[in-house]
$ cat my_file-v3.pdb   # PDB, C-alpha atoms
ATOM      1  CA  MET Y   1     -11.902  11.773 -15.697
ATOM      2  CA  SER Y   2     -10.018  14.287 -13.588
ATOM      3  CA  ILE Y   3      -9.557  13.532  -9.901
ATOM      4  CA  ARG Y   4     -10.920  16.406  -7.823
ATOM      5  CA  TYR Y   5     -11.529  17.113  -4.132
ATOM      6  CA  ASP Y   6     -14.024  19.958  -4.344
ATOM      7  CA  ASP Y   7     -15.965  20.356  -1.081
ATOM      8  CA  ARG Y   8     -13.616  17.892   0.642
ATOM      9  CA  VAL Y   9     -11.692  18.856   3.771
ATOM     10  CA  ALA Y  10      -8.244  17.344   4.283
ATOM     11  CA  ILE Y  11      -5.849  17.271   7.225
ATOM     12  CA  VAL Y  12      -2.216  16.637   6.336
ATOM     13  CA  THR Y  13       0.198  16.183   9.227
ATOM     14  CA  GLY Y  14       3.839  17.140   8.929
ATOM     15  CA  ALA Y  15       2.893  19.381   6.011
ATOM     16  CA  GLY Y  16       5.348  22.213   6.579
ATOM     17  CA  GLY Y  17       7.851  20.710   4.143
ATOM     18  CA  GLY Y  18       8.825  17.682   2.107
ATOM     19  CA  LEU Y  19       6.164  15.133   1.278
ATOM     20  CA  GLY Y  20       3.539  16.688   3.527
ATOM     21  CA  LYS Y  21       3.878  20.057   1.834
ATOM     22  CA  SER Y  22       3.657  18.411  -1.583
ATOM     23  CA  HIS Y  23       0.520  16.514  -0.502
ATOM     24  CA  ALA Y  24      -1.123  19.639   0.914
ATOM     25  CA  LEU Y  25      -0.411  21.774  -2.148
ATOM     26  CA  ALA Y  26      -1.667  19.110  -4.544
ATOM     27  CA  LEU Y  27      -4.868  18.495  -2.588
ATOM     28  CA  ALA Y  28      -5.557  22.231  -2.480
ATOM     29  CA  ALA Y  29      -4.801  22.637  -6.194
ATOM     30  CA  ARG Y  30      -7.504  20.049  -6.908
ATOM     31  CA  GLY Y  31     -10.124  21.750  -4.772
ATOM     32  CA  ALA Y  32      -9.659  20.485  -1.223
ATOM     33  CA  LYS Y  33      -9.767  22.720   1.807
ATOM     34  CA  VAL Y  34      -6.614  21.853   3.745
ATOM     35  CA  VAL Y  35      -5.484  21.915   7.349
ATOM     36  CA  VAL Y  36      -1.709  22.250   7.132
ATOM     37  CA  ASN Y  37      -0.385  20.671  10.299
ATOM     38  CA  ASP Y  38       3.219  20.972  11.369
ATOM     39  CA  LEU Y  39       4.832  21.200  14.783
ATOM     40  CA  GLY Y  40       7.841  22.802  13.150
ATOM     41  CA  GLY Y  41      10.535  20.633  14.711
ATOM     42  CA  ASP Y  42      13.649  19.377  12.982
ATOM     43  CA  VAL Y  43      14.078  15.921  11.489
ATOM     44  CA  HIS Y  44      14.888  14.560  14.971
ATOM     45  CA  GLY Y  45      11.737  16.065  16.476
ATOM     46  CA  VAL Y  46      13.515  18.890  18.277
ATOM     47  CA  GLY Y  47      12.203  22.449  18.383
ATOM     48  CA  GLY Y  48       9.004  23.941  17.063
ATOM     49  CA  SER Y  49       7.777  26.806  14.890
ATOM     50  CA  SER Y  50       4.588  27.637  12.984
ATOM     51  CA  ALA Y  51       6.493  29.426  10.219
ATOM     52  CA  ALA Y  52       6.702  26.468   7.822
ATOM     53  CA  ALA Y  53       3.007  25.620   8.064
ATOM     54  CA  GLU Y  54       2.005  29.269   7.698
ATOM     55  CA  ALA Y  55       4.162  29.555   4.570
ATOM     56  CA  VAL Y  56       2.392  26.587   2.978
ATOM     57  CA  VAL Y  57      -0.995  28.078   3.870
ATOM     58  CA  LYS Y  58       0.009  31.363   2.245
ATOM     59  CA  GLU Y  59       1.079  29.515  -0.885
ATOM     60  CA  ILE Y  60      -2.288  27.760  -1.065
ATOM     61  CA  ILE Y  61      -4.275  30.938  -0.482
ATOM     62  CA  ASP Y  62      -2.192  32.907  -2.985
ATOM     63  CA  ALA Y  63      -3.066  30.245  -5.568
ATOM     64  CA  GLY Y  64      -6.776  30.709  -4.853
ATOM     65  CA  GLY Y  65      -7.261  27.829  -2.428
ATOM     66  CA  GLU Y  66      -8.450  27.537   1.162
ATOM     67  CA  ALA Y  67      -6.242  26.452   4.047
ATOM     68  CA  ILE Y  68      -5.496  26.983   7.714
ATOM     69  CA  ALA Y  69      -2.389  26.138   9.710
ATOM     70  CA  HIS Y  70      -2.256  24.255  12.989
ATOM     71  CA  GLY Y  71       0.785  23.369  15.052
ATOM     72  CA  ALA Y  72      -0.641  20.394  16.935
ATOM     73  CA  ASN Y  73       1.806  17.829  18.235
ATOM     74  CA  VAL Y  74       0.339  14.641  16.765
ATOM     75  CA  CYS Y  75       1.185  12.747  19.948
ATOM     76  CA  LYS Y  76      -0.916  15.045  22.149
ATOM     77  CA  ALA Y  77      -4.611  14.218  22.024
ATOM     78  CA  ASP Y  78      -5.797  17.610  23.286
ATOM     79  CA  GLU Y  79      -3.837  19.474  20.606
ATOM     80  CA  VAL Y  80      -5.035  17.123  17.867
ATOM     81  CA  GLU Y  81      -8.632  17.454  19.059
ATOM     82  CA  ASP Y  82      -8.261  21.233  18.895
ATOM     83  CA  MET Y  83      -6.971  20.941  15.328
ATOM     84  CA  VAL Y  84      -9.963  18.843  14.291
ATOM     85  CA  LYS Y  85     -12.309  21.214  16.134
ATOM     86  CA  LYS Y  86     -10.898  24.168  14.188
ATOM     87  CA  ALA Y  87     -11.464  22.323  10.907
ATOM     88  CA  MET Y  88     -15.043  21.464  11.881
ATOM     89  CA  GLU Y  89     -15.775  25.030  12.974
ATOM     90  CA  LYS Y  90     -14.495  26.428   9.692
ATOM     91  CA  TRP Y  91     -15.717  23.843   7.191
ATOM     92  CA  GLY Y  92     -18.100  21.501   9.008
ATOM     93  CA  ARG Y  93     -16.513  18.186   8.052
ATOM     94  CA  VAL Y  94     -13.271  16.230   7.708
ATOM     95  CA  ASP Y  95     -13.040  13.906   4.716
ATOM     96  CA  ILE Y  96      -9.351  13.121   4.369
ATOM     97  CA  LEU Y  97      -6.581  12.453   6.873
ATOM     98  CA  VAL Y  98      -3.019  11.987   5.689
ATOM     99  CA  ASN Y  99      -0.832  10.754   8.545
ATOM    100  CA  ASN Y 100       2.517  11.988   7.283
ATOM    101  CA  ALA Y 101       4.281  13.491  10.320
ATOM    102  CA  GLY Y 102       7.491  11.707  11.233
ATOM    103  CA  VAL Y 103      10.944  11.886  12.763
ATOM    104  CA  LEU Y 104      14.201   9.961  12.561
ATOM    105  CA  ARG Y 105      16.576   8.932  15.314
ATOM    106  CA  ASP Y 106      18.753   6.423  13.475
ATOM    107  CA  LYS Y 107      21.325   4.292  15.269
ATOM    108  CA  THR Y 108      22.190   0.622  15.371
ATOM    109  CA  PHE Y 109      20.063  -1.172  17.941
ATOM    110  CA  VAL Y 110      23.033  -1.748  20.243
ATOM    111  CA  LYS Y 111      23.612   2.027  20.439
ATOM    112  CA  MET Y 112      19.970   3.092  20.411
ATOM    113  CA  THR Y 113      18.450   4.228  23.687
ATOM    114  CA  LEU Y 114      14.990   3.095  24.694
ATOM    115  CA  ASP Y 115      13.984   6.761  24.779
ATOM    116  CA  ASP Y 116      14.934   7.155  21.114
ATOM    117  CA  PHE Y 117      13.080   3.964  20.236
ATOM    118  CA  ASN Y 118       9.980   5.017  22.114
ATOM    119  CA  PHE Y 119      10.001   8.560  20.733
ATOM    120  CA  VAL Y 120      10.022   7.391  17.106
ATOM    121  CA  VAL Y 121       7.261   4.855  17.789
ATOM    122  CA  GLN Y 122       5.224   7.532  19.557
ATOM    123  CA  VAL Y 123       5.395   9.954  16.631
ATOM    124  CA  HIS Y 124       4.850   7.525  13.769
ATOM    125  CA  LEU Y 125       2.499   4.993  15.353
ATOM    126  CA  MET Y 126       0.762   6.800  18.188
ATOM    127  CA  GLY Y 127       0.697  10.048  16.219
ATOM    128  CA  SER Y 128      -1.228   8.231  13.495
ATOM    129  CA  VAL Y 129      -3.476   6.601  16.091
ATOM    130  CA  THR Y 130      -4.191   9.890  17.868
ATOM    131  CA  CYS Y 131      -5.057  11.774  14.681
ATOM    132  CA  THR Y 132      -7.147   8.925  13.333
ATOM    133  CA  LYS Y 133      -9.057   8.607  16.606
ATOM    134  CA  ALA Y 134      -9.872  12.322  16.488
ATOM    135  CA  VAL Y 135     -11.554  12.073  13.062
ATOM    136  CA  TRP Y 136     -12.930   8.525  13.171
ATOM    137  CA  GLU Y 137     -16.343   9.273  14.678
ATOM    138  CA  ILE Y 138     -16.764  12.295  12.397
ATOM    139  CA  MET Y 139     -16.127  10.145   9.351
ATOM    140  CA  ARG Y 140     -18.459   7.415  10.605
ATOM    141  CA  GLU Y 141     -21.289   9.878  11.145
ATOM    142  CA  GLN Y 142     -20.882  11.547   7.752
ATOM    143  CA  GLY Y 143     -20.544   8.173   6.007
ATOM    144  CA  TYR Y 144     -17.314   9.066   4.256
ATOM    145  CA  GLY Y 145     -13.628   9.074   5.039
ATOM    146  CA  ARG Y 146     -10.250   8.530   3.455
ATOM    147  CA  ILE Y 147      -7.270   7.834   5.719
ATOM    148  CA  VAL Y 148      -3.686   7.190   4.700
ATOM    149  CA  MET Y 149      -0.936   5.861   6.943
ATOM    150  CA  THR Y 150       2.618   6.542   5.827
ATOM    151  CA  THR Y 151       4.593   3.324   6.026
ATOM    152  CA  SER Y 152       8.073   2.673   4.620
ATOM    153  CA  SER Y 153      10.268   0.103   2.948
ATOM    154  CA  SER Y 154      12.225   0.205   6.214
ATOM    155  CA  GLY Y 155       9.227  -1.325   7.937
ATOM    156  CA  LEU Y 156       8.187  -3.646   5.139
ATOM    157  CA  TYR Y 157      11.670  -4.986   4.416
ATOM    158  CA  GLY Y 158      14.071  -3.651   7.073
ATOM    159  CA  ASN Y 159      16.856  -1.095   6.969
ATOM    160  CA  PHE Y 160      20.140  -1.058   8.878
ATOM    161  CA  GLY Y 161      20.106   1.382  11.788
ATOM    162  CA  GLN Y 162      16.343   1.898  11.766
ATOM    163  CA  ALA Y 163      14.940  -0.628  14.247
ATOM    164  CA  ASN Y 164      12.741   2.044  15.832
ATOM    165  CA  TYR Y 165      11.566   3.568  12.561
ATOM    166  CA  GLY Y 166      11.020   0.189  10.913
ATOM    167  CA  ALA Y 167       9.013  -1.145  13.857
ATOM    168  CA  ALA Y 168       6.771   1.917  13.847
ATOM    169  CA  LYS Y 169       6.300   1.857  10.090
ATOM    170  CA  MET Y 170       5.264  -1.800  10.072
ATOM    171  CA  ALA Y 171       2.932  -1.138  13.006
ATOM    172  CA  VAL Y 172       0.858   1.333  10.989
ATOM    173  CA  VAL Y 173       0.287  -1.410   8.405
ATOM    174  CA  GLY Y 174      -1.256  -3.555  11.133
ATOM    175  CA  PHE Y 175      -3.303  -0.542  12.215
ATOM    176  CA  MET Y 176      -4.597  -0.136   8.656
ATOM    177  CA  ASN Y 177      -5.428  -3.836   8.339
ATOM    178  CA  THR Y 178      -7.993  -3.620  11.127
ATOM    179  CA  LEU Y 179      -9.343  -0.117  10.483
ATOM    180  CA  CYS Y 180     -10.171  -0.903   6.859
ATOM    181  CA  LEU Y 181     -12.430  -3.706   8.120
ATOM    182  CA  GLU Y 182     -14.098  -1.626  10.818
ATOM    183  CA  GLY Y 183     -14.595   1.417   8.616
ATOM    184  CA  ALA Y 184     -15.822  -0.202   5.394
ATOM    185  CA  LYS Y 185     -19.558  -0.141   6.184
ATOM    186  CA  TYR Y 186     -19.294   3.550   7.060
ATOM    187  CA  GLY Y 187     -17.696   4.541   3.766
ATOM    188  CA  ILE Y 188     -14.247   4.897   5.332
ATOM    189  CA  LYS Y 189     -11.321   3.564   3.312
ATOM    190  CA  VAL Y 190      -7.877   3.170   4.870
ATOM    191  CA  ASN Y 191      -4.660   2.661   2.929
ATOM    192  CA  CYS Y 192      -0.896   2.928   3.331
ATOM    193  CA  LEU Y 193       1.634   4.876   1.307
ATOM    194  CA  ALA Y 194       5.252   3.675   1.214
ATOM    195  CA  PRO Y 195       7.194   6.625  -0.239
ATOM    196  CA  THR Y 196      10.704   7.115  -1.473
ATOM    197  CA  ALA Y 197      11.501  10.786  -1.994
ATOM    198  CA  ALA Y 198      14.146  13.447  -1.649
ATOM    199  CA  THR Y 199      13.304  15.145   1.628
ATOM    200  CA  ARG Y 200      15.311  16.360   4.603
ATOM    201  CA  MET Y 201      15.114  12.772   5.889
ATOM    202  CA  THR Y 202      16.989  11.426   2.866
ATOM    203  CA  GLU Y 203      19.146  14.350   1.731
ATOM    204  CA  ASP Y 204      22.259  13.050   3.522
ATOM    205  CA  LEU Y 205      21.825   9.458   2.350
ATOM    206  CA  LEU Y 206      21.840   9.685  -1.451
ATOM    207  CA  PRO Y 207      23.846  11.437  -4.199
ATOM    208  CA  GLN Y 208      22.327  14.543  -5.759
ATOM    209  CA  ALA Y 209      21.654  12.817  -9.077
ATOM    210  CA  ALA Y 210      19.432  10.319  -7.291
ATOM    211  CA  LEU Y 211      17.743  12.998  -5.201
ATOM    212  CA  ASP Y 212      16.847  14.883  -8.369
ATOM    213  CA  LEU Y 213      14.812  11.894  -9.547
ATOM    214  CA  LEU Y 214      13.104  11.270  -6.212
ATOM    215  CA  THR Y 215      10.697  14.180  -6.313
ATOM    216  CA  PRO Y 216       8.024  14.524  -3.603
ATOM    217  CA  GLU Y 217       5.532  15.278  -6.373
ATOM    218  CA  SER Y 218       5.958  11.795  -7.838
ATOM    219  CA  VAL Y 219       4.962  10.320  -4.479
ATOM    220  CA  THR Y 220       2.049  12.713  -4.122
ATOM    221  CA  ALA Y 221       0.610  11.471  -7.411
ATOM    222  CA  GLY Y 222       0.224   8.105  -5.707
ATOM    223  CA  LEU Y 223      -1.125   9.608  -2.503
ATOM    224  CA  LEU Y 224      -3.891  11.410  -4.373
ATOM    225  CA  THR Y 225      -5.238   8.107  -5.717
ATOM    226  CA  LEU Y 226      -5.597   6.784  -2.163
ATOM    227  CA  VAL Y 227      -7.857   9.609  -0.960
ATOM    228  CA  ASP Y 228     -10.312  10.249  -3.790
ATOM    229  CA  ASP Y 229     -13.858   8.923  -4.142
ATOM    230  CA  GLU Y 230     -12.700   5.831  -6.058
ATOM    231  CA  ALA Y 231      -9.845   5.002  -3.672
ATOM    232  CA  PRO Y 232      -9.015   1.354  -2.990
ATOM    233  CA  ASN Y 233      -9.184  -0.096   0.515
ATOM    234  CA  ARG Y 234      -6.381  -1.897   2.353
ATOM    235  CA  THR Y 235      -3.694  -1.153  -0.223
ATOM    236  CA  ILE Y 236      -0.005  -0.552   0.450
ATOM    237  CA  LEU Y 237       0.993   1.683  -2.441
ATOM    238  CA  CYS Y 238       4.724   2.132  -2.946
ATOM    239  CA  ALA Y 239       5.773   5.252  -4.835
ATOM    240  CA  GLY Y 240       9.005   6.967  -5.806
ATOM    241  CA  ALA Y 241      10.800   8.505  -8.800
ATOM    242  CA  GLY Y 242       7.803   7.753 -11.016
ATOM    243  CA  GLY Y 243       7.573   4.104 -10.003
ATOM    244  CA  TYR Y 244       4.368   2.720  -8.449
ATOM    245  CA  ALA Y 245       3.836  -0.752  -7.007
ATOM    246  CA  ARG Y 246       1.762  -2.604  -4.441
ATOM    247  CA  ALA Y 247       3.319  -4.411  -1.486
ATOM    248  CA  VAL Y 248       1.434  -7.498  -0.300
ATOM    249  CA  LEU Y 249       1.896  -9.856   2.641
ATOM    250  CA  TYR Y 250       1.381 -13.462   1.537
ATOM    251  CA  GLU Y 251       1.103 -16.687   3.504
ATOM    252  CA  THR Y 252       2.308 -19.953   1.985
ATOM    253  CA  GLU Y 253       0.053 -22.984   1.842
ATOM    254  CA  GLY Y 254       2.400 -24.677   4.296
ATOM    255  CA  THR Y 255       2.030 -28.196   5.589
ATOM    256  CA  PHE Y 256       0.108 -30.234   8.159
ATOM    257  CA  LEU Y 257       1.524 -32.473  10.876
ATOM    258  CA  PRO Y 258      -0.729 -34.880  12.831
ATOM    259  CA  VAL Y 259      -0.724 -34.653  16.621
ATOM    260  CA  ASP Y 260       1.867 -37.389  17.143
ATOM    261  CA  ALA Y 261       4.224 -35.706  14.642
ATOM    262  CA  GLN Y 262       4.020 -32.098  15.903
ATOM    263  CA  THR Y 263       7.646 -31.818  16.996
ATOM    264  CA  PRO Y 264      10.271 -29.163  16.224
ATOM    265  CA  GLU Y 265      12.281 -31.800  14.366
ATOM    266  CA  ASN Y 266       9.406 -32.471  11.992
ATOM    267  CA  VAL Y 267       8.686 -28.755  11.539
ATOM    268  CA  ARG Y 268      12.321 -28.221  10.558
ATOM    269  CA  ALA Y 269      12.226 -31.210   8.236
ATOM    270  CA  ALA Y 270       9.192 -29.687   6.515
ATOM    271  CA  LEU Y 271      10.689 -26.235   6.006
ATOM    272  CA  GLU Y 272      11.091 -26.699   2.263
ATOM    273  CA  GLN Y 273       7.360 -27.348   1.938
ATOM    274  CA  ILE Y 274       6.537 -24.583   4.436
ATOM    275  CA  ASN Y 275       8.577 -22.129   2.359
ATOM    276  CA  ASP Y 276       7.140 -23.262  -0.997
ATOM    277  CA  PRO Y 277       5.273 -20.255  -2.493
ATOM    278  CA  THR Y 278       3.007 -22.464  -4.612
ATOM    279  CA  GLY Y 279      -0.584 -21.737  -3.640
ATOM    280  CA  GLN Y 280       0.280 -18.839  -1.340
ATOM    281  CA  GLN Y 281      -2.583 -16.497  -0.500
ATOM    282  CA  GLU Y 282      -3.172 -12.910   0.491
ATOM    283  CA  PHE Y 283      -5.336 -12.936   3.603
ATOM    284  CA  THR Y 284      -7.484  -9.934   4.473
ATOM    285  CA  GLN Y 285      -8.566 -11.071   7.945
ATOM    286  CA  GLY Y 286      -6.679 -12.918  10.668
ATOM    287  CA  GLY Y 287      -9.372 -15.583  10.964
ATOM    288  CA  GLN Y 288      -8.591 -16.819   7.457
ATOM    289  CA  GLN Y 289      -5.306 -18.240   8.709
ATOM    290  CA  THR Y 290      -7.090 -20.047  11.543
ATOM    291  CA  MET Y 291      -9.633 -21.535   9.157
ATOM    292  CA  LYS Y 292      -6.879 -22.689   6.799
ATOM    293  CA  PHE Y 293      -5.114 -24.589   9.561
ATOM    294  CA  LEU Y 294      -8.362 -25.951  10.998
ATOM    295  CA  GLY Y 295      -9.378 -27.128   7.542
ATOM    296  CA  LYS Y 296      -6.187 -29.152   7.196
ATOM    297  CA  ALA Y 297      -6.561 -30.626  10.684
ATOM    298  CA  ALA Y 298     -10.250 -31.451  10.194
ATOM    299  CA  ALA Y 299      -9.581 -33.132   6.856
ATOM    300  CA  ALA Y 300      -6.854 -35.253   8.385
ATOM    301  CA  ALA Y 301      -9.120 -36.209  11.296
ATOM    302  CA  GLY Y 302     -12.144 -36.840   9.082
ATOM    303  CA  VAL Y 303     -14.346 -34.376  10.954
ATOM    304  CA  LYS Y 304     -16.474 -31.444   9.868
ATOM    305  CA  ILE Y 305     -16.157 -27.967  11.347
ATOM    306  CA  GLY Y 306     -18.601 -25.107  10.946
TER     307      GLY Y 306
END
$ encode --input "my_file-v3.pdb" --output "C-alpha cells"
Amino acid sequence: MSIRYDDRVAIVTGAGGGLGKSHALALAARGAKVVVNDLGGDVHGVGGSSAAAEAVVKEIIDAGGEAIAHGANVCKADEVEDMVKKAMEKWGRVDILVNNAGVLRDKTFVKMTLDDFNFVVQVHLMGSVTCTKAVWEIMREQGYGRIVMTTSSSGLYGNFGQANYGAAKMAVVGFMNTLCLEGAKYGIKVNCLAPTAATRMTEDLLPQAALDLLTPESVTAGLLTLVDDEAPNRTILCAGAGGYARAVLYETEGTFLPVDAQTPENVRAALEQINDPTGQQEFTQGGQQTMKFLGKAAAAAGVKIG
C-alpha cells in the first residue's frame, strides 16, 4: 500500500536545502501541503535570505503541489507562531512537524566558547521545543499529529569536537521520550530521526565517493515512515546510504546491595555484574527504573510494595 499524505499539512524547518529540502519535496510529491521554513543562514547560523525556501516552494508548485515559504527563526516564538498561523489560515490544520533546522559550530571543548555552545543548543533543542509548542495544542485539538526530532549519532554515541551539537542532539531524544507519552491519547506520535547524509554540514568531512552514497533521499525514505498514519511512536530511526536501523537505550539488570553494604567499594566490586547485559531492558518510562530498584530492595527486605 502506497504511503500518501493527501490532505495533510506539513511544516519542515531548515528546508531550504539538504535534508530539509529533500523531506519537503518528498512530502509534497506524496500529496502533503508543505510549509517550507528556512531562515537562510549559512551552516554556522550566520546571515539570512528567503531565496532558498522560495526556490523549494517554486519546485513544489511547478510539480503540481502546494507549498508556502516562511523565514521564521525557529528560536523566536513570535516568528514561529506567525508561521503556524499562516499555515492555519491557508489550510486550516497542521498534521506534521519535521524539526530539521540546525547549525554547526564545531571545536574541541577547550576551545569552544560558551556562546557557541549555547547557540547550537538554542537552535537544535530550543528550536525544536519552540516549533513543537506552537503546533502542540493544534494537534491535540484535531486528534492527530506526527512530530519528528532530528537527532544524530554525535548525540547518541559522541563525536570529537561536537560537545555542543552532541549535547543538543541527545537532548531532543529526552524531549521525544516525554512528548510521546503525553501525546499518545491525542493521536500524536513523536519520533526521532538520526540521519547520515551528504549535506553542506558534511561536505568537508568525507571523500566524494562516500558523499555520493550518502544521498539525502535515502534518509528521507526513513523520515516518511515516521510521519504517516501508521507511524511508530518513540522510535529513534537511523538512516543513511540505504541503511536503516533503530537505536535503543537499554538498562542492565544490575545488582542489589543491602543497606549495610551500600559503599562505593562494593559498587566498584560489583561492576562486572552491573555491566552484564544479560536481562537488560528497554524502559519506556522513568518510573520503570524506580520500580525495578524498589522491587529488588523489597524482595531483600521481605516487604510488599504497591
$ resolve_selection --input "my_file-v3.pdb" --expression "the PyMOL selection byres ((chain Y and resi 238) around 7)" --output "list in words"
Leu193, Ala194, Pro195, Ile236, Leu237, Ala239, Tyr244, Ala245, Arg246 and Ala247 of chain Y
$ atom_distance --input "my_file-v3.pdb" --atom1 "CA of Val36 in chain Y" --atom2 "CA of Ala241 in chain Y"
24.5 Å
$ residues_around --input "my_file-v3.pdb" --residues "Val267 in chain Y" --least-positions-apart "6" --cutoff "12 Å" --atoms "all atoms listed in the file" --output "ChimeraX atom specification"
/Y:254-258,261,273-275
$ resolve_selection --input "my_file-v3.pdb" --expression "the PyMOL selection byres ((chain Y and resi 130) around 8)" --output "list in words"
Val74, Cys75, Lys76, Ala77, Val80, Met126, Gly127, Ser128, Val129, Cys131, Thr132, Lys133 and Ala134 of chain Y
$ residues_around --input "my_file-v3.pdb" --residues "Lys90 in chain Y" --least-positions-apart "4" --cutoff "12 Å" --atoms "all atoms listed in the file" --output "list in words"
Val9, Lys33, Val34, Val35, Glu66, Ala67, Ile68, Met83, Val84, Lys85, Lys86 and Val94 of chain Y
$ atom_distance --input "my_file-v3.pdb" --atom1 "CA of Ala210 in chain Y" --atom2 "CA of Cys192 in chain Y"
24.1 Å
$ closest_residue --input "my_file-v3.pdb" --among "Y:Met139, Y:Val303, Y:Ala51, Y:Val227" --to "Gly183 in chain Y" --atoms "all atoms listed in the file"
Y:Met139
$ decode --input "my_file-v3.pdb" --residues "range 295-306 of chain Y" --atoms "N, CA and C atoms" --output "PDB file, in the first residue's frame"
ATOM      1  N   GLY Y 295      11.766  -3.057  43.653  1.00  0.00           N
ATOM      2  CA  GLY Y 295      11.440  -4.478  43.690  1.00  0.00           C
ATOM      3  C   GLY Y 295      12.562  -5.298  44.289  1.00  0.00           C
ATOM      4  N   LYS Y 296      13.797  -4.976  43.904  1.00  0.00           N
ATOM      5  CA  LYS Y 296      14.952  -5.698  44.447  1.00  0.00           C
ATOM      6  C   LYS Y 296      15.081  -5.450  45.955  1.00  0.00           C
ATOM      7  N   ALA Y 297      14.914  -4.179  46.338  1.00  0.00           N
ATOM      8  CA  ALA Y 297      15.053  -3.826  47.759  1.00  0.00           C
ATOM      9  C   ALA Y 297      13.942  -4.468  48.601  1.00  0.00           C
ATOM     10  N   ALA Y 298      12.713  -4.449  48.080  1.00  0.00           N
ATOM     11  CA  ALA Y 298      11.587  -5.016  48.805  1.00  0.00           C
ATOM     12  C   ALA Y 298      11.743  -6.523  48.969  1.00  0.00           C
ATOM     13  N   ALA Y 299      12.225  -7.175  47.904  1.00  0.00           N
ATOM     14  CA  ALA Y 299      12.417  -8.627  47.978  1.00  0.00           C
ATOM     15  C   ALA Y 299      13.463  -8.982  49.013  1.00  0.00           C
ATOM     16  N   ALA Y 300      14.540  -8.181  49.051  1.00  0.00           N
ATOM     17  CA  ALA Y 300      15.587  -8.447  50.026  1.00  0.00           C
ATOM     18  C   ALA Y 300      15.116  -8.201  51.451  1.00  0.00           C
ATOM     19  N   ALA Y 301      14.190  -7.218  51.615  1.00  0.00           N
ATOM     20  CA  ALA Y 301      13.705  -6.884  52.947  1.00  0.00           C
ATOM     21  C   ALA Y 301      12.494  -7.710  53.339  1.00  0.00           C
ATOM     22  N   GLY Y 302      11.942  -8.456  52.391  1.00  0.00           N
ATOM     23  CA  GLY Y 302      10.765  -9.279  52.682  1.00  0.00           C
ATOM     24  C   GLY Y 302       9.504  -8.464  52.886  1.00  0.00           C
ATOM     25  N   VAL Y 303       9.396  -7.326  52.187  1.00  0.00           N
ATOM     26  CA  VAL Y 303       8.206  -6.497  52.311  1.00  0.00           C
ATOM     27  C   VAL Y 303       7.522  -6.354  50.964  1.00  0.00           C
ATOM     28  N   LYS Y 304       6.229  -6.005  51.007  1.00  0.00           N
ATOM     29  CA  LYS Y 304       5.481  -5.790  49.786  1.00  0.00           C
ATOM     30  C   LYS Y 304       5.304  -4.303  49.539  1.00  0.00           C
ATOM     31  N   ILE Y 305       5.400  -3.905  48.290  1.00  0.00           N
ATOM     32  CA  ILE Y 305       5.163  -2.507  47.915  1.00  0.00           C
ATOM     33  C   ILE Y 305       4.079  -2.472  46.846  1.00  0.00           C
ATOM     34  N   GLY Y 306       3.224  -1.480  46.924  1.00  0.00           N
ATOM     35  CA  GLY Y 306       2.177  -1.322  45.917  1.00  0.00           C
ATOM     36  C   GLY Y 306       1.071  -2.344  46.031  1.00  0.00           C
TER      37      GLY Y 306
END
